[in-house]
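Coordinates from upload.cif are shown below (mmCIF, C-alpha atoms).
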```
data_coords
loop_
_atom_site.label_atom_id
_atom_site.label_comp_id
_atom_site.auth_asym_id
_atom_site.auth_seq_id
_atom_site.Cartn_x
_atom_site.Cartn_y
_atom_site.Cartn_z
CA MET A 14 28.21 -5.97 -3.76
CA PHE A 15 24.81 -7.25 -2.69
CA LEU A 16 21.60 -7.57 -4.68
CA VAL A 17 18.49 -6.28 -2.92
CA MET A 18 15.12 -7.17 -4.39
CA GLY A 19 12.10 -4.99 -3.62
CA ILE A 20 14.22 -1.94 -2.81
CA THR A 21 11.31 0.48 -3.33
CA GLY A 22 9.30 -1.37 -0.67
CA LYS A 23 9.58 -1.27 3.11
CA VAL A 24 11.68 -4.38 3.78
CA GLY A 25 13.92 -4.10 0.72
CA GLY A 26 14.39 -0.41 1.44
CA ALA A 27 15.31 -1.11 5.06
CA ALA A 28 17.82 -3.77 4.00
CA ALA A 29 19.44 -1.40 1.49
CA THR A 30 19.60 1.41 4.07
CA HIS A 31 21.43 -0.80 6.54
CA LEU A 32 23.82 -2.12 3.88
CA LEU A 33 24.65 1.39 2.70
CA ALA A 34 25.24 2.45 6.30
CA GLN A 35 27.86 -0.32 6.46
CA ASP A 36 29.50 1.10 3.31
CA SER A 37 28.48 -1.99 1.35
CA LYS A 38 27.77 -1.65 -2.36
CA VAL A 39 24.18 -2.36 -3.33
CA ARG A 40 22.52 -3.36 -6.58
CA ALA A 41 18.76 -3.39 -7.16
CA LEU A 42 16.50 -4.86 -9.83
CA VAL A 43 13.87 -2.24 -10.66
CA ARG A 44 10.98 -1.90 -13.06
CA ASP A 45 10.73 1.87 -12.75
CA ARG A 46 13.97 3.85 -12.55
CA ALA A 47 12.09 7.02 -11.69
CA LYS A 48 10.60 5.38 -8.61
CA ALA A 49 14.08 4.26 -7.55
CA ALA A 50 15.83 7.56 -8.36
CA SER A 51 16.53 8.34 -4.70
CA TRP A 52 18.40 5.06 -4.40
CA ALA A 53 20.52 5.83 -7.44
CA ASP A 54 21.38 9.15 -5.80
CA GLN A 55 22.72 7.17 -2.83
CA GLY A 56 24.98 5.10 -5.07
CA VAL A 57 22.80 2.04 -5.62
CA GLU A 58 23.40 0.38 -8.98
CA LEU A 59 20.07 -0.06 -10.76
CA VAL A 60 19.44 -2.95 -13.12
CA ASP A 61 16.35 -2.78 -15.29
CA GLY A 62 14.12 -5.80 -14.99
CA ASP A 63 11.39 -7.60 -13.15
CA TRP A 64 11.12 -10.55 -10.78
CA ASN A 65 8.63 -11.99 -13.28
CA ASP A 66 11.52 -12.47 -15.72
CA ALA A 67 14.25 -15.01 -14.90
CA ALA A 68 16.66 -13.42 -17.37
CA SER A 69 16.41 -10.11 -15.50
CA ILE A 70 17.19 -11.80 -12.21
CA LYS A 71 20.20 -13.54 -13.74
CA ARG A 72 21.60 -10.23 -14.97
CA ALA A 73 21.16 -8.73 -11.52
CA LEU A 74 22.85 -11.70 -9.81
CA ARG A 75 26.04 -11.69 -11.88
CA GLY A 76 29.02 -10.59 -9.85
CA VAL A 77 27.28 -10.07 -6.49
CA ASP A 78 28.54 -11.54 -3.23
CA GLY A 79 25.06 -12.25 -1.90
CA ALA A 80 21.40 -11.63 -2.61
CA PHE A 81 18.27 -10.73 -0.69
CA VAL A 82 15.13 -12.05 -2.37
CA MET A 83 11.46 -11.70 -1.55
CA LEU A 84 8.04 -12.22 -3.04
CA PRO A 85 5.81 -9.34 -4.10
CA PRO A 86 3.12 -8.76 -1.46
CA ILE A 87 -0.23 -9.83 -2.91
CA TRP A 88 -3.25 -9.59 -0.61
CA ALA A 89 -5.67 -11.16 -3.09
CA PRO A 90 -3.74 -14.00 -4.77
CA SER A 91 -5.15 -16.53 -7.20
CA PRO A 92 -6.46 -19.71 -5.50
CA ASP A 93 -3.41 -21.67 -6.70
CA PHE A 94 -0.96 -18.87 -5.80
CA ARG A 95 0.25 -18.84 -9.38
CA GLU A 96 1.67 -15.32 -8.99
CA ALA A 97 4.02 -16.48 -6.25
CA ARG A 98 4.78 -19.78 -8.00
CA GLY A 99 5.90 -17.88 -11.09
CA VAL A 100 8.30 -15.64 -9.19
CA ILE A 101 9.63 -18.59 -7.20
CA ALA A 102 10.32 -20.54 -10.40
CA ASN A 103 12.24 -17.56 -11.78
CA TYR A 104 14.34 -17.31 -8.62
CA VAL A 105 15.13 -21.03 -8.68
CA GLU A 106 16.13 -20.90 -12.34
CA ALA A 107 18.28 -17.81 -11.86
CA LEU A 108 20.01 -18.99 -8.67
CA SER A 109 20.66 -22.42 -10.19
CA GLN A 110 22.38 -20.89 -13.21
CA VAL A 111 24.02 -17.90 -11.53
CA PRO A 112 24.88 -19.12 -8.03
CA VAL A 113 26.02 -16.69 -5.35
CA SER A 114 27.87 -17.21 -2.07
CA ARG A 115 24.76 -16.66 0.07
CA VAL A 116 21.05 -15.93 -0.21
CA VAL A 117 18.71 -14.38 2.34
CA ALA A 118 15.02 -14.93 1.62
CA LEU A 119 12.21 -13.05 3.33
CA SER A 120 9.76 -15.54 4.79
CA SER A 121 7.26 -15.47 7.63
CA MET A 122 6.44 -17.07 10.92
CA GLY A 123 4.19 -19.99 10.07
CA ALA A 124 5.91 -20.78 6.77
CA ASN A 125 6.92 -24.15 8.23
CA ARG A 126 3.27 -25.16 7.89
CA THR A 127 1.99 -26.40 4.54
CA SER A 128 -1.74 -25.79 4.98
CA ASP A 129 -4.27 -23.48 6.62
CA MET A 130 -1.97 -20.43 6.59
CA GLY A 131 -3.70 -18.34 3.92
CA LEU A 132 -1.40 -15.66 2.54
CA ILE A 133 1.64 -17.24 4.21
CA THR A 134 1.20 -20.21 1.87
CA ALA A 135 3.21 -18.29 -0.74
CA LEU A 136 6.20 -18.15 1.60
CA SER A 137 5.85 -21.82 2.48
CA LEU A 138 6.08 -22.53 -1.26
CA LEU A 139 9.20 -20.36 -1.46
CA GLU A 140 10.93 -22.24 1.36
CA GLN A 141 10.03 -25.61 -0.13
CA ALA A 142 11.35 -24.70 -3.57
CA PHE A 143 14.59 -23.20 -2.25
CA ARG A 144 15.46 -26.34 -0.30
CA ASP A 145 16.60 -27.94 -3.56
CA LEU A 146 19.18 -25.20 -4.15
CA THR A 147 22.73 -26.09 -3.18
CA LEU A 148 23.51 -22.64 -1.81
CA PRO A 149 23.88 -21.23 1.70
CA ILE A 150 20.36 -19.91 2.33
CA ALA A 151 18.89 -18.10 5.33
CA PHE A 152 15.13 -17.84 5.61
CA ALA A 153 14.22 -14.72 7.60
CA ARG A 154 10.87 -15.69 9.12
CA ALA A 155 9.46 -12.35 10.19
CA GLY A 156 6.55 -11.79 12.50
CA GLY A 157 3.62 -9.55 11.66
CA PHE A 158 4.75 -6.03 10.75
CA PHE A 159 4.09 -3.22 13.22
CA GLU A 160 3.65 -1.07 10.12
CA ASN A 161 0.42 -2.94 9.40
CA PHE A 162 -1.10 -1.03 12.35
CA LEU A 163 -0.26 2.44 11.01
CA TYR A 164 -3.89 2.92 9.99
CA GLY A 165 -4.40 3.45 13.70
CA LEU A 166 -2.96 6.94 13.46
CA HIS A 167 -6.02 7.83 11.37
CA VAL A 168 -8.82 5.67 12.77
CA ALA A 169 -8.05 5.61 16.49
CA GLN A 170 -9.14 9.18 17.18
CA GLY A 171 -12.21 7.78 18.92
CA GLY A 172 -10.05 5.75 21.28
CA THR A 173 -10.29 2.33 19.65
CA LEU A 174 -7.99 0.38 17.35
CA PRO A 175 -9.91 -2.26 15.37
CA VAL A 176 -7.81 -5.40 14.93
CA PHE A 177 -8.15 -8.94 13.61
CA ASN A 178 -6.24 -10.32 16.60
CA ASP A 179 -8.72 -12.10 18.85
CA PRO A 180 -8.41 -12.20 21.80
CA THR A 181 -6.60 -8.89 21.85
CA HIS A 182 -4.49 -9.85 24.88
CA ARG A 183 -3.01 -12.91 23.16
CA LYS A 184 0.58 -12.36 22.04
CA SER A 185 1.97 -13.26 18.63
CA THR A 186 5.28 -12.50 16.96
CA MET A 187 5.54 -8.93 15.68
CA VAL A 188 8.45 -6.92 14.30
CA ALA A 189 9.34 -3.61 12.66
CA THR A 190 10.57 -3.60 9.07
CA ASN A 191 13.66 -1.67 10.19
CA ASP A 192 14.70 -4.64 12.33
CA ILE A 193 14.09 -7.04 9.46
CA GLY A 194 16.28 -4.91 7.20
CA GLY A 195 19.01 -4.79 9.83
CA GLU A 196 19.09 -8.58 10.18
CA ILE A 197 19.09 -9.07 6.40
CA ALA A 198 22.09 -6.73 6.11
CA SER A 199 23.89 -8.57 8.91
CA LEU A 200 23.30 -11.94 7.28
CA LEU A 201 24.52 -10.73 3.89
CA SER A 202 27.64 -8.96 5.11
CA GLY A 203 28.48 -11.06 8.19
CA PRO A 204 30.23 -14.40 8.67
CA ALA A 205 29.65 -17.06 6.03
CA TRP A 206 27.64 -20.21 6.78
CA LEU A 207 26.90 -23.52 5.12
CA GLY A 208 23.56 -25.07 4.34
CA ARG A 209 20.23 -23.70 5.51
CA ARG A 210 19.41 -21.37 8.39
CA ILE A 211 16.00 -20.29 9.68
CA ILE A 212 15.86 -17.09 11.71
CA GLU A 213 12.68 -16.09 13.53
CA LEU A 214 12.51 -12.29 13.70
CA GLY A 215 10.49 -10.39 16.28
CA SER A 216 9.09 -10.53 19.78
CA MET A 217 5.83 -11.72 21.27
CA VAL A 218 3.49 -8.72 21.46
CA SER A 219 -0.28 -8.40 21.90
CA ALA A 220 -2.69 -6.11 20.09
CA ASP A 221 -3.47 -4.59 23.48
CA GLU A 222 0.18 -3.59 23.84
CA VAL A 223 0.24 -2.14 20.32
CA ALA A 224 -2.88 -0.09 21.06
CA ALA A 225 -1.41 1.19 24.33
CA GLN A 226 1.76 2.33 22.58
CA LEU A 227 -0.31 3.98 19.86
CA GLY A 228 -2.17 5.81 22.61
CA GLU A 229 1.09 7.07 24.07
CA VAL A 230 2.03 8.57 20.72
CA MET A 231 -1.44 10.05 20.17
CA GLN A 232 -1.56 11.24 23.79
CA ARG A 233 -4.89 9.63 24.47
CA GLU A 234 -6.14 6.26 25.67
CA VAL A 235 -6.49 3.75 22.85
CA LYS A 236 -7.86 0.24 23.28
CA ALA A 237 -7.66 -2.65 20.84
CA VAL A 238 -11.07 -3.97 19.78
CA ALA A 239 -11.36 -7.26 17.90
CA VAL A 240 -13.35 -6.99 14.67
CA PRO A 241 -16.20 -9.55 14.87
CA ARG A 242 -15.41 -12.55 12.67
CA ALA A 243 -18.59 -12.03 10.62
CA ASN A 244 -17.40 -8.52 9.74
CA TRP A 245 -13.96 -9.53 8.46
CA PRO A 246 -14.84 -9.61 4.73
CA ASP A 247 -16.33 -6.11 4.79
CA THR A 248 -13.43 -4.79 6.88
CA PHE A 249 -10.83 -6.24 4.53
CA GLU A 250 -12.69 -4.61 1.66
CA GLN A 251 -12.32 -1.26 3.46
CA PHE A 252 -8.57 -1.94 3.61
CA GLY A 253 -8.49 -2.32 -0.17
CA ILE A 254 -8.91 -6.06 -0.76
CA PRO A 255 -11.44 -6.61 -3.58
CA LYS A 256 -14.85 -7.91 -2.54
CA GLY A 257 -14.92 -11.70 -2.39
CA LYS A 258 -11.11 -11.98 -2.47
CA SER A 259 -10.30 -11.82 1.25
CA ALA A 260 -10.37 -15.56 2.05
CA PRO A 261 -6.52 -15.93 2.10
CA ALA A 262 -6.17 -12.96 4.45
CA GLU A 263 -8.97 -14.28 6.68
CA THR A 264 -7.34 -17.72 6.86
CA MET A 265 -4.01 -16.13 7.75
CA TYR A 266 -5.47 -14.20 10.68
CA GLU A 267 -7.36 -17.25 11.87
CA ALA A 268 -4.01 -19.06 11.93
CA VAL A 269 -2.39 -16.15 13.79
CA ASN A 270 -5.13 -16.27 16.41
CA ALA A 271 -4.64 -20.02 16.75
CA GLY A 272 -0.92 -19.64 17.49
CA GLY A 273 0.52 -19.89 13.99
CA MET A 274 2.82 -16.91 14.55
CA ASP A 275 4.29 -18.04 17.87
CA LEU A 276 8.03 -18.32 18.41
CA GLY A 277 9.91 -21.56 18.89
CA GLY A 278 9.94 -23.46 15.59
CA VAL A 279 12.10 -26.58 15.50
CA GLY A 280 15.64 -25.92 14.30
CA THR A 281 15.29 -22.14 14.27
CA GLU A 282 17.36 -19.25 15.56
CA HIS A 283 15.70 -16.24 17.17
CA VAL A 284 16.50 -12.54 16.82
CA PRO A 285 14.22 -10.38 19.00
CA GLY A 286 12.97 -7.03 17.79
CA ALA A 287 14.77 -3.85 18.89
CA THR A 288 12.20 -1.41 17.48
CA SER A 289 8.86 -1.08 19.29
CA ALA A 290 5.43 -0.33 17.89
CA ARG A 291 5.74 3.03 19.64
CA ASP A 292 8.92 3.76 17.65
CA VAL A 293 7.12 2.95 14.40
CA PHE A 294 4.13 5.14 15.25
CA GLU A 295 6.36 8.04 16.33
CA ALA A 296 8.42 7.87 13.13
CA ALA A 297 5.30 7.82 10.96
CA GLN A 298 3.77 10.72 12.84
CA LYS A 299 6.95 12.80 12.46
CA THR A 300 7.05 12.07 8.73
CA ALA A 301 3.42 13.05 8.33
CA THR A 302 3.90 16.39 10.12
CA ALA A 303 7.29 17.26 8.61
#
```

As structure tokens:
Amino acid sequence: MFLVMGITGKVGGAAATHLLAQDSKVRALVRDRAKAASWADQGVELVDGDWNDAASIKRALRGVDGAFVMLPPIWAPSPDFREARGVIANYVEALSQVPVSRVVALSSMGANRTSDMGLITALSLLEQAFRDLTLPIAFARAGGFFENFLYGLHVAQGGTLPVFNDPTHRKSTMVATNDIGGEIASLLSGPAWLGRRIIELGSMVSADEVAAQLGEVMQREVKAVAVPRANWPDTFEQFGIPKGKSAPAETMYEAVNAGGMDLGGVGTEHVPGATSARDVFEAAQKTATA
């Protein structure tokens, strides 16, 4: 049996789907059983709790063969990242007291850096803290999610896809959450390993390529247009980040544009993406019209 954290989210859900497809047993730590009811219907064992409570995590870890852990996505963190630090401390306490045979942790390209990465700082903190654990650990350093461009299905009717990638032709690592989930499942259920592994997930893709694939799905020409740097705060506010709280997101995209999400970190393995942006857009469009 494998523990999957964040099962009601995209990555956790993808990991659970792949594990279930392999006939593996899955357990999930959930705050809201009603929200996770569909997973219970598929045979997932639900444990009541919260990643903000170390005791809950310990209960969920008991008796599992491996665990997938992740941090809650927070687009407007406190300046000291105390939200992430609290969850990380709970994981470290739980995994120290209830060790398992292997752990897969969701990280990000750029998490090897310790400064000037904005939101990715939380994942750098996670990797640093987990290095003291004496467990086989694999850090799945994912690229930017193709799903982050799904707003394009709604806003690109005029033929443009506004993006923070600048220049739009520059490639950075991108990946679909389905591919992340597939690799997590493979790591949990596949051959055992010792020590620490770092797997870079995704392929080098440009915003121009994403826009072109979106256009193919929408059956119209779509071009990526870089949002002017001065307009980033207002644009992030339109995406739901509270006014005055977008600095971590801005710093992250500045790092992306400077090459912080490029492949080829020292001592890393690489798993290229199998799912394209087009695939993600087509799936979302089918779901919306079903």

Find the residues of stretch 59-111 of chain A that sit at most 12 Å from stretch 189-200 of chain A; for each, write down the nearest two atoms and how far apart they are in Å, to one decimal. Count all atoms listed in the file. Sort by chain, then by number going up, and give it as a tab-separated table.
```
residue	atom	partner	partner_atom	distance
A:Asp78	CA	A:Leu200	CA	11.8
A:Gly79	CA	A:Leu200	CA	9.4
A:Ala80	CA	A:Ile197	CA	9.6
A:Phe81	CA	A:Ile197	CA	7.3
A:Val82	CA	A:Ile197	CA	10.1
A:Met83	CA	A:Ile197	CA	11.3
```

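This file gives the following result for the PyMOL selection byres ((chain A and resi 291) around 8): Val223, Gln226, Leu227, Glu229, Val230, Ser289, Ala290, Asp292, Val293, Phe294 and Glu295 of chain A.
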
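Going from atom CA of A:Ser259 over to atom CA of A:Val176, you cover 15.3 Å.
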
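Each of A:Lys256, A:Leu33, A:Glu213, A:Ser219 was checked against A:Val17 using all atoms listed in the file; the smallest atom-to-atom distance is that of A:Leu33.
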
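When all atoms listed in the file are used to compute distances to A:Gln298, the closest of the residues A:Gly257, A:Asn270, A:Gly165, A:Val284 turns out to be A:Gly165.
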
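Once the PyMOL selection byres ((chain A and resi 261) around 9) is applied to this file, the selection holds Trp88, Ala89, Pro90, Pro92, Met130, Gly131, Leu132, Ile133, Thr134, Lys258, Ser259, Ala260, Ala262, Glu263, Thr264, Met265 and Tyr266 of chain A.
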
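Compared by their closest atoms to A:Gly253, and using only C-alpha atoms, the residues A:Ala27, A:Val77, A:Met231, A:Ile87 rank with A:Ile87 nearest.
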
Correct to one decimal, the distance atom CA of A:Glu160-atom CA of A:Ala102 is 29.1 Å

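Neighbouring residues of A:Ala142 at 10 Å or closer, counting all atoms listed in the file and skipping chain neighbours under 3 positions away, are Arg98, Ile101, Ala102, Tyr104, Val105, Leu136, Ser137, Leu138, Leu139, Asp145 and Leu146 of chain A.
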
Could you tell me which residues the PyMOL selection byres ((chain A and resi 235-243) around 12) grabs in this file, written as a ChimeraX atom specification? /A:162,165-166,168-183,219-234,244-249,263-264,266-267,270

From the options A:Glu106, A:Glu96, A:Asp66, A:Glu58, which residue's atoms come nearest to A:Leu16, counting all atoms listed in the file? A:Glu58

So the first atom is atom CA of A:Leu74 and the second is atom CA of A:Val111; what is the distance between them in Å, to one decimal place? 6.5 Å

Regenerate stretch 44-76 of chain A at the level of N, CA and C atoms and dump it as a PDB file, in the coordinates of the input.
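Okay, selection.pdb is ready:
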```pdb
ATOM      1  N   ARG A  44      11.814  -2.049 -11.867  1.00  0.00           N
ATOM      2  CA  ARG A  44      10.980  -1.900 -13.060  1.00  0.00           C
ATOM      3  C   ARG A  44      10.854  -0.440 -13.468  1.00  0.00           C
ATOM      4  N   ASP A  45      10.952   0.445 -12.500  1.00  0.00           N
ATOM      5  CA  ASP A  45      10.730   1.870 -12.750  1.00  0.00           C
ATOM      6  C   ASP A  45      11.894   2.666 -12.168  1.00  0.00           C
ATOM      7  N   ARG A  46      12.791   3.114 -13.025  1.00  0.00           N
ATOM      8  CA  ARG A  46      13.970   3.850 -12.550  1.00  0.00           C
ATOM      9  C   ARG A  46      13.572   5.148 -11.848  1.00  0.00           C
ATOM     10  N   ALA A  47      12.508   5.775 -12.307  1.00  0.00           N
ATOM     11  CA  ALA A  47      12.090   7.020 -11.690  1.00  0.00           C
ATOM     12  C   ALA A  47      11.700   6.795 -10.236  1.00  0.00           C
ATOM     13  N   LYS A  48      11.022   5.685  -9.972  1.00  0.00           N
ATOM     14  CA  LYS A  48      10.600   5.380  -8.610  1.00  0.00           C
ATOM     15  C   LYS A  48      11.786   5.082  -7.711  1.00  0.00           C
ATOM     16  N   ALA A  49      12.883   4.617  -8.321  1.00  0.00           N
ATOM     17  CA  ALA A  49      14.080   4.260  -7.550  1.00  0.00           C
ATOM     18  C   ALA A  49      15.165   5.315  -7.651  1.00  0.00           C
ATOM     19  N   ALA A  50      14.823   6.505  -8.134  1.00  0.00           N
ATOM     20  CA  ALA A  50      15.830   7.560  -8.360  1.00  0.00           C
ATOM     21  C   ALA A  50      16.571   7.928  -7.085  1.00  0.00           C
ATOM     22  N   SER A  51      15.873   7.961  -5.958  1.00  0.00           N
ATOM     23  CA  SER A  51      16.530   8.340  -4.700  1.00  0.00           C
ATOM     24  C   SER A  51      17.602   7.332  -4.310  1.00  0.00           C
ATOM     25  N   TRP A  52      17.391   6.074  -4.694  1.00  0.00           N
ATOM     26  CA  TRP A  52      18.400   5.060  -4.400  1.00  0.00           C
ATOM     27  C   TRP A  52      19.617   5.231  -5.293  1.00  0.00           C
ATOM     28  N   ALA A  53      19.395   5.561  -6.548  1.00  0.00           N
ATOM     29  CA  ALA A  53      20.520   5.830  -7.440  1.00  0.00           C
ATOM     30  C   ALA A  53      21.345   6.998  -6.920  1.00  0.00           C
ATOM     31  N   ASP A  54      20.676   7.993  -6.361  1.00  0.00           N
ATOM     32  CA  ASP A  54      21.380   9.150  -5.800  1.00  0.00           C
ATOM     33  C   ASP A  54      22.269   8.754  -4.624  1.00  0.00           C
ATOM     34  N   GLN A  55      21.925   7.648  -3.960  1.00  0.00           N
ATOM     35  CA  GLN A  55      22.720   7.170  -2.830  1.00  0.00           C
ATOM     36  C   GLN A  55      23.803   6.184  -3.253  1.00  0.00           C
ATOM     37  N   GLY A  56      23.929   5.968  -4.568  1.00  0.00           N
ATOM     38  CA  GLY A  56      24.980   5.100  -5.070  1.00  0.00           C
ATOM     39  C   GLY A  56      24.566   3.684  -5.391  1.00  0.00           C
ATOM     40  N   VAL A  57      23.271   3.381  -5.293  1.00  0.00           N
ATOM     41  CA  VAL A  57      22.800   2.040  -5.620  1.00  0.00           C
ATOM     42  C   VAL A  57      22.836   1.847  -7.139  1.00  0.00           C
ATOM     43  N   GLU A  58      23.367   0.724  -7.562  1.00  0.00           N
ATOM     44  CA  GLU A  58      23.400   0.380  -8.980  1.00  0.00           C
ATOM     45  C   GLU A  58      22.043  -0.207  -9.383  1.00  0.00           C
ATOM     46  N   LEU A  59      21.383   0.406 -10.325  1.00  0.00           N
ATOM     47  CA  LEU A  59      20.070  -0.060 -10.760  1.00  0.00           C
ATOM     48  C   LEU A  59      20.183  -0.918 -12.003  1.00  0.00           C
ATOM     49  N   VAL A  60      19.513  -2.046 -11.969  1.00  0.00           N
ATOM     50  CA  VAL A  60      19.440  -2.950 -13.120  1.00  0.00           C
ATOM     51  C   VAL A  60      17.982  -3.014 -13.544  1.00  0.00           C
ATOM     52  N   ASP A  61      17.724  -2.740 -14.797  1.00  0.00           N
ATOM     53  CA  ASP A  61      16.350  -2.780 -15.290  1.00  0.00           C
ATOM     54  C   ASP A  61      15.856  -4.210 -15.396  1.00  0.00           C
ATOM     55  N   GLY A  62      14.666  -4.450 -14.898  1.00  0.00           N
ATOM     56  CA  GLY A  62      14.120  -5.800 -14.990  1.00  0.00           C
ATOM     57  C   GLY A  62      12.954  -5.996 -14.053  1.00  0.00           C
ATOM     58  N   ASP A  63      12.606  -7.262 -13.872  1.00  0.00           N
ATOM     59  CA  ASP A  63      11.390  -7.600 -13.150  1.00  0.00           C
ATOM     60  C   ASP A  63      11.548  -8.997 -12.579  1.00  0.00           C
ATOM     61  N   TRP A  64      11.018  -9.209 -11.355  1.00  0.00           N
ATOM     62  CA  TRP A  64      11.120 -10.550 -10.780  1.00  0.00           C
ATOM     63  C   TRP A  64      10.221 -11.541 -11.495  1.00  0.00           C
ATOM     64  N   ASN A  65       9.409 -11.078 -12.441  1.00  0.00           N
ATOM     65  CA  ASN A  65       8.630 -11.990 -13.280  1.00  0.00           C
ATOM     66  C   ASN A  65       9.397 -12.455 -14.496  1.00  0.00           C
ATOM     67  N   ASP A  66      10.677 -12.112 -14.573  1.00  0.00           N
ATOM     68  CA  ASP A  66      11.520 -12.470 -15.720  1.00  0.00           C
ATOM     69  C   ASP A  66      12.832 -13.046 -15.196  1.00  0.00           C
ATOM     70  N   ALA A  67      13.046 -14.358 -15.411  1.00  0.00           N
ATOM     71  CA  ALA A  67      14.250 -15.010 -14.900  1.00  0.00           C
ATOM     72  C   ALA A  67      15.520 -14.409 -15.480  1.00  0.00           C
ATOM     73  N   ALA A  68      15.466 -13.999 -16.738  1.00  0.00           N
ATOM     74  CA  ALA A  68      16.660 -13.420 -17.370  1.00  0.00           C
ATOM     75  C   ALA A  68      17.072 -12.135 -16.662  1.00  0.00           C
ATOM     76  N   SER A  69      16.107 -11.342 -16.239  1.00  0.00           N
ATOM     77  CA  SER A  69      16.410 -10.110 -15.500  1.00  0.00           C
ATOM     78  C   SER A  69      17.107 -10.426 -14.184  1.00  0.00           C
ATOM     79  N   ILE A  70      16.601 -11.424 -13.489  1.00  0.00           N
ATOM     80  CA  ILE A  70      17.190 -11.800 -12.210  1.00  0.00           C
ATOM     81  C   ILE A  70      18.616 -12.287 -12.406  1.00  0.00           C
ATOM     82  N   LYS A  71      18.846 -13.056 -13.462  1.00  0.00           N
ATOM     83  CA  LYS A  71      20.200 -13.540 -13.740  1.00  0.00           C
ATOM     84  C   LYS A  71      21.157 -12.385 -13.969  1.00  0.00           C
ATOM     85  N   ARG A  72      20.737 -11.400 -14.721  1.00  0.00           N
ATOM     86  CA  ARG A  72      21.600 -10.230 -14.970  1.00  0.00           C
ATOM     87  C   ARG A  72      21.937  -9.542 -13.655  1.00  0.00           C
ATOM     88  N   ALA A  73      20.944  -9.422 -12.784  1.00  0.00           N
ATOM     89  CA  ALA A  73      21.160  -8.730 -11.520  1.00  0.00           C
ATOM     90  C   ALA A  73      22.063  -9.526 -10.583  1.00  0.00           C
ATOM     91  N   LEU A  74      22.063 -10.847 -10.702  1.00  0.00           N
ATOM     92  CA  LEU A  74      22.850 -11.700  -9.810  1.00  0.00           C
ATOM     93  C   LEU A  74      24.325 -11.753 -10.187  1.00  0.00           C
ATOM     94  N   ARG A  75      24.654 -11.507 -11.429  1.00  0.00           N
ATOM     95  CA  ARG A  75      26.040 -11.690 -11.880  1.00  0.00           C
ATOM     96  C   ARG A  75      26.996 -10.749 -11.135  1.00  0.00           C
ATOM     97  N   GLY A  76      27.973 -11.368 -10.500  1.00  0.00           N
ATOM     98  CA  GLY A  76      29.020 -10.590  -9.850  1.00  0.00           C
ATOM     99  C   GLY A  76      28.729 -10.140  -8.434  1.00  0.00           C
TER     100      GLY A  76
END
```
